[in-house]
Protein chains: 2
Amino acid sequence: MKITGKMLLGQSEQQGSYEKIYAINPVTGEQMAPVFRGGDQQQVEEACALADAAFDSYRCISAEQRAAFLEQIADNILALEDSLLERAMAETGLPRGRIEGERGRTIGQLRLFAGVVREGRGFFPRIDPALPERQPLPRSDLRQRHIPLGPVAVFGASNFPLAFSVAGGDTASALAAGAPVVVKAHSAHPGTSELVGRAIQLAVKQCQLHPGVFSLLYGSGTRVGTGLVNDARIKAVGFTGSRTGGTALMKAAFERPEPIPVYAEMSSANPVFLLPAALASDPVALATGFCGSLQAGAGQFCTNPGLVIAVDGQPLQQFIEECCALLSQSSSQTMLTSDIHQAYVRGVERMVQTVGVDVLSKGQCQTGPNQCQTVLLATSAETFFANKGLSEEVFGSCSLVVRCRDEEQMLKVAGELEGQLTTSVQCHDNEQEQLVSSLLKLCELKAGRVLFNGYPTGVEVCHAMVHGGPYPATSESRSTSVGTAAIQRFLRPVCYQDVPEKYLPVEIDSANTGELTRLVNGVLSCS
Amino acid sequence: MKITGKMLLGQSEQQGSYEKIYAINPVTGEQMAPVFRGGDQQQVEEACALADAAFDSYRCISAEQRAAFLEQIADNILALEDSLLERAMAETGLPRGRIEGERGRTIGQLRLFAGVVREGRGFFPRIDPALPERQPLPRSDLRQRHIPLGPVAVFGASNFPLAFSVAGGDTASALAAGAPVVVKAHSAHPGTSELVGRAIQLAVKQCQLHPGVFSLLYGSGTRVGTGLVNDARIKAVGFTGSRTGGTALMKAAFERPEPIPVYAEMSSANPVFLLPAALASDPVALATGFCGSLQAGAGQFCTNPGLVIAVDGQPLQQFIEECCALLSQSSSQTMLTSDIHQAYVRGVERMVQTVGVDVLSKGQCQTGPNQCQTVLLATSAETFFANKGLSEEVFGSCSLVVRCRDEEQMLKVAGELEGQLTTSVQCHDNEQEQLVSSLLKLCELKAGRVLFNGYPTGVEVCHAMVHGGPYPATSESRSTSVGTAAIQRFLRPVCYQDVPEKYLPVEIDSANTGELTRLVNGVLSCS
């Protein structure tokens, strides 16, 4: 499929009129053809008007139709074959294996959401039947289902050109919820975005849906992005990116005449606690696992382990020495964009220049642009407490070891953390149980996911996943952006009181036409 | 039980140091003893510190203990007997039957939440067991449960001295979720608030819970209220009141270093659509039902029907004439407070002075303070479209009939409504089905509850209820403040990955000790 540089407005395509956007191969620094151009205000409005026009029909198609549409998107993405893989590799500098894996995840989550929609799993409509004889007053017939909020604006993420971009988790869950989607592509991979956008556009046509179900825009966050968030027809926002970007969108959404929810996944240092028995038992294995997680994808994951917290002493020293041995031999990796690389360099510099922070090890540095040279730092808990900046994410392979005086101080570090996507605990069977319990209780208050004896990178797309967490990890700790519960972000409950049978939506009709499991009088029922 | 005028800070009591607050009998205008005093900043902080200190133990008590606590509160409120009823009647001017009914609802919802907590209904923990053999990568063991956000600030509502005040729906659902609560009493009924507060305080002691689980403060919304919302230890807010008050709290909560959710139930005009066949069939019965709903409790309900929308013509004229006959004979009723009465008078004045609005009927007006004299107004759809203010709630018995040229214009009115708590449809069997379907689709987009052939006042507390709706009806359309789903406002999901069995919370242990229905691999399971 040819990449044209044009935006997709429903079934039509249009050249933007604003700034020129070129994909840049981060490995070579070279511009790639074609030129893309940012959308103007009129094009933003056109996309929103299309989404709004599509909303009523799209939200009312059958579950089967919606599921088939999601599956068609998956098929169409697969059909792009090497053209997609090669463009994505060129635009991101990521290796083929990673891009193939990400394509698998992208397709897998589209199909997973199709299953959720088709089987109605995880929705649980509620029915409290009428009690006409109840004293002193009869009870009406009350039935609750969920409906989509309205059109959703999705911001493509820089670090997942497929799985969190045009047809990524936000788009898949919004479409699954019954919401039309307007995507603002990330300028780091516009060609990949166009290819995937055309796969969705084609699926809309193949499934004979309203053309406004999907549009794709290019342009800057401050103009096209803010334009989308400010448009009255947009009713929710999905975003993965920086804290600065996320909080700006939150502010714009809050200041609208009608505020709307922004699901922004922003930043996380993903602390890893090394408990004493685990550390004493096998510091070498811990170091190997940790360095693997730290360096995966040049550390460009939301869940990159940016903090290591342990009681100081000989076992920690052994862990550090092993890490240094591994890291000092490791090759640098090409980062996604020049902006990300520059932010990484500035972030490392900020950490290194903090008094009391020592550089433990640095990886090799190849020639060529945008190289991420892994850095491992260390500091004392006292210095960590005194410098709030040390707990802030540096996006890339950079981690800070916080040396604690004792277990109590380690718990204090846990208690003072800000909100995180994940907290990890390395824990041996022989660990002091009271310590583990106390730490777990702190960890669950600080994060959306707590994991034991593993590392936080690698987020499973499943039913139980929570990729979220307290602010500032996300804007909305009650939600997840990964896993089937992500669909709930775009839904709200409506209660139907004494609505005649012939007008009842299928999810809550008396015959249970949808064959759903429902909460009847508060008890689960399949009939 | 004696009313002392003191605030309840955990198990202690303290006199406030700020402004004097007296309960005023709205029927007589007389001040009632004792004097209450607003809390100072230190007392706000003390209450928040207590709630914060209580959080860790309270969130971890067993479901059975939490349920027993809610039931103990209900028992203690009942044990207050006539002292509570009489004080509430004197402070609100509401008749005994209403206060008794409200006490029943208050106790009923505490017990309903106890059942939800005890049986774990409506939570649905999720488990995706490990798949160690999966290719290309094994899957970890992933388990999701919900935990409370943290201490909750609850604002007592003026219009429900029991059911939406100190031990009302917000408090009951927050306590059920495992969140300590700090209540700011509404100054309209401080004595009722103290009595109920002491019933909760006693239950905390009887159940041997951390004393900080509950505190009760008096004082102004701008000082004590904002003080609570700004306190870093408060993690969510429940509020029922005016749009001005609600949006001020939203702003304060958003501007915190860590923004928190505000569940504000603010205002709604609760439009009632009279469809042609229904109107032609029995305009007299419709008028009787409507006037009853309009005048219940002097119209001081969030769901008071403030708009009537119908196609103009002889049937509508008959409906109006019957309403006028009923209303012109109706006695005025005492409103809750002088402030509410003054706002009502101003609101009616604002409507009446809008060019194109006619007064159809006014009720009788007795002597005595704070009399709500029912008003029925009418206007054309054109005037309604041209004057946004006409769609705004007037709190009290005031309603506006919007005369539409035809069905199409009636649908246009529906489409232009702002967010509502409810929309009602009076619908005969012989109604044109296409019209009903179109209207229902518009209504569900505008409101949290759509009801047929009934009136919106009278909110059932059950599983399927939604008392919420799009902004500005509430700050958060994805939630309900009434019914068992209200508990979800104060919870967030946490995923536990590979956490060893001995550290797993009971909701997600492998033995299913809690005997819960759980989503295992996406399928409901009781084992």
# chains A, B, ... in the order shown; residues from 1 in each chain; ligands from 1
call {"tool": "closest_atom_pairs", "arguments": {"of": "chain A", "to": "chain B", "cutoff": "7 Å", "atoms": "only C-alpha atoms", "output": "Markdown table"}}
result
| residue | atom | partner | partner_atom | distance |
| --- | --- | --- | --- | --- |
| A:Arg121 | CA | B:Gly522 | CA | 7.0 |
| A:Arg126 | CA | B:Ala464 | CA | 5.0 |
| A:Ile127 | CA | B:Ala464 | CA | 5.7 |
| A:Asp128 | CA | B:Ala464 | CA | 6.0 |
| A:Leu142 | CA | B:Ala464 | CA | 5.8 |
| A:Arg143 | CA | B:Ala464 | CA | 5.4 |
| A:Gln144 | CA | B:Ala464 | CA | 5.0 |
| A:Glu258 | CA | B:Tyr471 | CA | 6.1 |
| A:Ser437 | CA | B:Tyr503 | CA | 6.7 |
| A:Glu444 | CA | B:Val494 | CA | 6.8 |
| A:Gly448 | CA | B:Val494 | CA | 4.8 |
| A:Arg449 | CA | B:Cys495 | CA | 4.5 |
| A:Val450 | CA | B:Tyr496 | CA | 5.1 |
| A:Leu451 | CA | B:Gln497 | CA | 4.4 |
| A:Phe452 | CA | B:Val499 | CA | 5.3 |
| A:His463 | CA | B:Gly522 | CA | 5.9 |
| A:Ala464 | CA | B:Gln144 | CA | 5.0 |
| A:Met465 | CA | B:Cys495 | CA | 5.8 |
| A:Val466 | CA | B:Cys495 | CA | 5.3 |
| A:Tyr471 | CA | B:Glu258 | CA | 6.2 |
| A:Ser477 | CA | B:Arg492 | CA | 6.3 |
| A:Arg478 | CA | B:Arg492 | CA | 4.3 |
| A:Leu491 | CA | B:Arg478 | CA | 6.8 |
| A:Arg492 | CA | B:Arg478 | CA | 4.3 |
| A:Pro493 | CA | B:Arg478 | CA | 6.3 |
| A:Val494 | CA | B:Gly448 | CA | 4.8 |
| A:Cys495 | CA | B:Arg449 | CA | 4.5 |
| A:Tyr496 | CA | B:Val450 | CA | 5.1 |
| A:Gln497 | CA | B:Leu451 | CA | 4.4 |
| A:Asp498 | CA | B:Phe452 | CA | 5.4 |
| A:Val499 | CA | B:Phe452 | CA | 5.3 |
| A:Tyr503 | CA | B:Ser437 | CA | 6.7 |
| A:Asn521 | CA | B:His463 | CA | 6.8 |
| A:Gly522 | CA | B:His463 | CA | 5.9 |
call {"tool": "write_last_selection", "arguments": {"atoms": "N, CA and C atoms", "output": "short mmCIF file (atom, residue, chain, number, x, y, z; two decimals), in the first residue's frame"}}
result
data_model
loop_
_atom_site.label_atom_id
_atom_site.label_comp_id
_atom_site.auth_asym_id
_atom_site.auth_seq_id
_atom_site.Cartn_x
_atom_site.Cartn_y
_atom_site.Cartn_z
N ARG A 121 -18.85 -9.98 27.77
CA ARG A 121 -18.17 -10.29 29.04
C ARG A 121 -17.69 -9.03 29.73
N ARG A 126 -27.66 -4.77 34.70
CA ARG A 126 -28.34 -5.01 35.98
C ARG A 126 -29.84 -4.86 35.80
N ILE A 127 -30.57 -5.76 36.37
CA ILE A 127 -32.03 -5.70 36.28
C ILE A 127 -32.63 -5.88 37.67
N ASP A 128 -33.42 -4.91 38.09
CA ASP A 128 -34.21 -5.04 39.31
C ASP A 128 -35.67 -5.02 38.88
N LEU A 142 -36.47 -1.60 36.85
CA LEU A 142 -35.27 -0.79 36.66
C LEU A 142 -34.18 -1.64 36.02
N ARG A 143 -33.61 -1.13 34.93
CA ARG A 143 -32.62 -1.90 34.18
C ARG A 143 -31.46 -0.99 33.80
N GLN A 144 -30.28 -1.46 34.05
CA GLN A 144 -29.09 -0.64 33.78
C GLN A 144 -28.20 -1.29 32.73
N GLU A 258 -18.14 21.86 28.89
CA GLU A 258 -18.47 20.54 29.41
C GLU A 258 -17.16 19.78 29.60
N SER A 437 4.58 -8.18 53.94
CA SER A 437 3.20 -7.71 54.04
C SER A 437 3.14 -6.19 54.11
N GLU A 444 0.69 -1.46 46.94
CA GLU A 444 -0.61 -1.45 46.26
C GLU A 444 -1.26 -0.07 46.33
N GLY A 448 -0.69 0.74 40.12
CA GLY A 448 -1.78 -0.03 39.54
C GLY A 448 -1.46 -1.51 39.42
N ARG A 449 -0.17 -1.84 39.43
CA ARG A 449 0.24 -3.25 39.32
C ARG A 449 1.41 -3.50 40.25
N VAL A 450 1.30 -4.55 41.04
CA VAL A 450 2.37 -4.95 41.95
C VAL A 450 2.84 -6.32 41.49
N LEU A 451 4.14 -6.43 41.25
CA LEU A 451 4.59 -7.73 40.77
C LEU A 451 5.74 -8.26 41.60
N PHE A 452 5.74 -9.57 41.75
CA PHE A 452 6.74 -10.24 42.57
C PHE A 452 7.68 -11.04 41.67
N HIS A 463 -7.48 -10.00 30.94
CA HIS A 463 -8.63 -9.46 31.68
C HIS A 463 -8.22 -8.81 33.00
N ALA A 464 -7.22 -9.38 33.65
CA ALA A 464 -6.87 -8.92 34.99
C ALA A 464 -5.83 -7.79 34.99
N MET A 465 -5.30 -7.44 33.82
CA MET A 465 -4.25 -6.43 33.77
C MET A 465 -4.76 -5.07 34.25
N VAL A 466 -3.89 -4.34 34.95
CA VAL A 466 -4.11 -2.92 35.23
C VAL A 466 -2.86 -2.18 34.78
N TYR A 471 -2.12 9.22 40.28
CA TYR A 471 -1.45 10.39 39.74
C TYR A 471 -0.08 10.54 40.39
N SER A 477 -6.75 7.14 38.20
CA SER A 477 -6.30 5.87 38.77
C SER A 477 -7.37 4.79 38.73
N ARG A 478 -8.62 5.16 38.48
CA ARG A 478 -9.69 4.17 38.49
C ARG A 478 -9.79 3.42 37.16
N LEU A 491 -17.39 4.25 28.68
CA LEU A 491 -18.79 3.89 28.89
C LEU A 491 -19.35 4.59 30.12
N ARG A 492 -20.66 4.79 30.12
CA ARG A 492 -21.32 5.26 31.34
C ARG A 492 -22.64 4.50 31.50
N PRO A 493 -23.10 4.38 32.74
CA PRO A 493 -24.33 3.61 32.96
C PRO A 493 -25.57 4.46 32.69
N VAL A 494 -26.60 3.83 32.17
CA VAL A 494 -27.92 4.46 32.04
C VAL A 494 -28.94 3.50 32.63
N CYS A 495 -29.88 4.05 33.39
CA CYS A 495 -30.95 3.25 33.98
C CYS A 495 -32.24 3.49 33.20
N TYR A 496 -32.90 2.40 32.85
CA TYR A 496 -34.17 2.45 32.11
C TYR A 496 -35.28 2.03 33.07
N GLN A 497 -36.17 2.96 33.36
CA GLN A 497 -37.23 2.69 34.34
C GLN A 497 -38.56 2.51 33.62
N ASP A 498 -39.15 1.35 33.78
CA ASP A 498 -40.47 1.05 33.20
C ASP A 498 -40.52 1.28 31.69
N VAL A 499 -39.41 1.09 31.04
CA VAL A 499 -39.40 1.24 29.57
C VAL A 499 -40.09 0.02 28.96
N TYR A 503 -39.20 -1.30 23.41
CA TYR A 503 -38.20 -0.25 23.24
C TYR A 503 -36.91 -0.55 24.01
N ASN A 521 -31.69 -8.58 40.49
CA ASN A 521 -31.86 -8.39 41.93
C ASN A 521 -30.54 -8.55 42.68
N GLY A 522 -29.48 -8.16 42.04
CA GLY A 522 -28.16 -8.21 42.68
C GLY A 522 -27.48 -9.55 42.60
#
call {"tool": "select_by_dssp", "arguments": {"residues": "range 422-463 of chain B", "states": "helix (DSSP H, G or I)", "output": "list in words"}}
result
Glu433, Gln434, Leu435, Val436, Ser437, Ser438, Leu439, Leu440, Lys441, Leu442, Cys443, Glu444, Leu445 and Lys446 of chain B
call {"tool": "residues_around", "arguments": {"residues": "Lys20 in chain A", "least_positions_apart": "3", "cutoff": "7 Å", "atoms": "only C-alpha atoms", "output": "tab-separated table (two decimals) with C-alpha atoms, in the first residue's frame"}}
result
chain	number	residue	atom	x	y	z
A	35	VAL	CA	5.93	14.76	3.28
A	36	PHE	CA	3.00	14.88	5.69
A	37	ARG	CA	1.36	18.14	6.65
A	38	GLY	CA	-0.40	19.13	9.86
call {"tool": "residues_around", "arguments": {"residues": "Pro315 in chain B", "least_positions_apart": "4", "cutoff": "12 Å", "atoms": "only C-alpha atoms", "output": "list of chain:residue names"}}
result
B:Leu274, B:Leu275, B:Pro276, B:Ala277, B:Ala278, B:Leu279, B:Ala280, B:Ser281, B:Asp282, B:Pro283, B:Val284, B:Leu286, B:Ala287, B:Ala310, B:Val311, B:Phe319, B:Ile320, B:Glu321, B:Glu322, B:Arg403
call {"tool": "atom_distance", "arguments": {"atom1": "CA of Ala53 in chain A", "atom2": "CA of Ala236 in chain A"}}
result
16.2 Å
call {"tool": "residues_around", "arguments": {"residues": "range 223-234 of chain A", "least_positions_apart": "3", "cutoff": "6 Å", "atoms": "only C-alpha atoms", "output": "NGL selection string"}}
result
:A and (151-152 or 219-220)
call {"tool": "write_last_selection", "arguments": {"atoms": "all heavy atoms", "output": "PDB file, in the first residue's frame"}}
result
ATOM      1  N   PRO A 151     -17.827  10.394  20.763  1.00  0.00           N
ATOM      2  CA  PRO A 151     -16.565  10.286  20.028  1.00  0.00           C
ATOM      3  C   PRO A 151     -15.338  10.487  20.931  1.00  0.00           C
ATOM      4  O   PRO A 151     -15.359  11.315  21.844  1.00  0.00           O
ATOM      5  CB  PRO A 151     -16.677  11.412  18.993  1.00  0.00           C
ATOM      6  CG  PRO A 151     -18.148  11.565  18.769  1.00  0.00           C
ATOM      7  CD  PRO A 151     -18.769  11.337  20.128  1.00  0.00           C
ATOM      8  N   VAL A 152     -14.298   9.715  20.652  1.00  0.00           N
ATOM      9  CA  VAL A 152     -13.082   9.717  21.467  1.00  0.00           C
ATOM     10  C   VAL A 152     -11.899  10.201  20.619  1.00  0.00           C
ATOM     11  O   VAL A 152     -11.746   9.794  19.468  1.00  0.00           O
ATOM     12  CB  VAL A 152     -12.797   8.297  22.008  1.00  0.00           C
ATOM     13  CG1 VAL A 152     -11.437   8.231  22.695  1.00  0.00           C
ATOM     14  CG2 VAL A 152     -13.911   7.855  22.964  1.00  0.00           C
ATOM     15  N   GLY A 219      -0.283  16.384  12.912  1.00  0.00           N
ATOM     16  CA  GLY A 219      -0.078  17.756  13.367  1.00  0.00           C
ATOM     17  C   GLY A 219       0.414  17.802  14.800  1.00  0.00           C
ATOM     18  O   GLY A 219       0.585  16.774  15.453  1.00  0.00           O
ATOM     19  N   SER A 220       0.635  19.010  15.268  1.00  0.00           N
ATOM     20  CA  SER A 220       1.231  19.179  16.599  1.00  0.00           C
ATOM     21  C   SER A 220       0.197  18.979  17.695  1.00  0.00           C
ATOM     22  O   SER A 220      -1.002  19.166  17.493  1.00  0.00           O
ATOM     23  CB  SER A 220       1.810  20.593  16.723  1.00  0.00           C
ATOM     24  OG  SER A 220       0.761  21.515  16.894  1.00  0.00           O
TER      25      SER A 220
END
call {"tool": "select_by_dssp", "arguments": {"residues": "range 68-278 of chain B", "states": "strand (DSSP E or B)", "output": "VMD selection string"}}
result
chain B and resid 126 to 128 131 139 142 to 148 152 to 155 181 to 184 214 to 217 236 to 240 262 to 265 271 to 274
call {"tool": "write_last_selection", "arguments": {"atoms": "C-alpha atoms", "output": "mmCIF file, in the first residue's frame"}}
result
data_model
loop_
_atom_site.group_PDB
_atom_site.id
_atom_site.type_symbol
_atom_site.label_atom_id
_atom_site.label_comp_id
_atom_site.auth_asym_id
_atom_site.auth_seq_id
_atom_site.Cartn_x
_atom_site.Cartn_y
_atom_site.Cartn_z
ATOM 1 C CA ARG B 126 -10.409 -11.078 37.855
ATOM 2 C CA ILE B 127 -7.897 -13.894 37.639
ATOM 3 C CA ASP B 128 -5.827 -14.850 34.621
ATOM 4 C CA LEU B 131 0.498 -20.085 31.518
ATOM 5 C CA ARG B 139 2.134 -15.721 30.946
ATOM 6 C CA LEU B 142 -2.351 -11.990 37.072
ATOM 7 C CA ARG B 143 -5.088 -11.149 39.554
ATOM 8 C CA GLN B 144 -7.106 -7.973 39.844
ATOM 9 C CA ARG B 145 -9.069 -6.665 42.801
ATOM 10 C CA HIS B 146 -10.304 -3.205 43.804
ATOM 11 C CA ILE B 147 -9.000 -1.182 46.719
ATOM 12 C CA PRO B 148 -10.350 2.092 48.148
ATOM 13 C CA VAL B 152 -13.280 10.589 51.397
ATOM 14 C CA ALA B 153 -14.752 14.023 52.148
ATOM 15 C CA VAL B 154 -18.543 14.050 52.126
ATOM 16 C CA PHE B 155 -20.659 17.193 51.959
ATOM 17 C CA VAL B 181 -15.021 9.530 55.864
ATOM 18 C CA VAL B 182 -14.869 13.149 56.978
ATOM 19 C CA VAL B 183 -18.287 14.790 56.711
ATOM 20 C CA LYS B 184 -18.901 18.493 56.476
ATOM 21 C CA PHE B 214 -15.329 8.936 60.897
ATOM 22 C CA SER B 215 -15.252 12.634 61.747
ATOM 23 C CA LEU B 216 -17.873 15.361 61.512
ATOM 24 C CA LEU B 217 -17.138 19.040 60.965
ATOM 25 C CA ALA B 236 -12.148 11.718 46.739
ATOM 26 C CA VAL B 237 -15.139 13.964 47.351
ATOM 27 C CA GLY B 238 -18.889 13.329 47.443
ATOM 28 C CA PHE B 239 -21.132 16.348 47.066
ATOM 29 C CA THR B 240 -24.780 17.074 46.374
ATOM 30 C CA VAL B 262 -15.159 14.957 42.801
ATOM 31 C CA TYR B 263 -18.522 13.269 42.538
ATOM 32 C CA ALA B 264 -20.772 16.306 42.491
ATOM 33 C CA GLU B 265 -24.450 15.966 41.803
ATOM 34 C CA PRO B 271 -37.505 17.187 31.311
ATOM 35 C CA VAL B 272 -40.773 15.320 30.884
ATOM 36 C CA PHE B 273 -41.895 14.598 27.317
ATOM 37 C CA LEU B 274 -45.605 14.172 26.749
#
call {"tool": "closest_residue", "arguments": {"among": "B:Arg198, B:Pro305, B:Asn387, B:Gln353", "to": "Gly289 in chain B", "atoms": "only C-alpha atoms"}}
result
B:Pro305
call {"tool": "residues_around", "arguments": {"residues": "Met1 in chain B", "least_positions_apart": "3", "cutoff": "12 Å", "atoms": "only C-alpha atoms", "output": "ChimeraX atom specification"}}
result
/B:4,76-77,79-84,87,191-192,194-199,202
call {"tool": "residues_around", "arguments": {"residues": "Gly514 in chain A", "least_positions_apart": "5", "cutoff": "12 Å", "atoms": "only C-alpha atoms", "output": "list in words"}}
result
Ser62, Ala63, Glu64, Val117, Arg118, Glu119, Gly120, Arg121, Phe124, Pro125, Pro505, Val506, Glu507, Ile508, Asp509, Cys526 and Ser527 of chain A
call {"tool": "atom_distance", "arguments": {"atom1": "CA of Arg134 in chain A", "atom2": "CA of Ser293 in chain B"}}
result
20.0 Å
call {"tool": "atom_distance", "arguments": {"atom1": "CA of Tyr18 in chain A", "atom2": "CA of Val213 in chain A"}}
result
24.3 Å
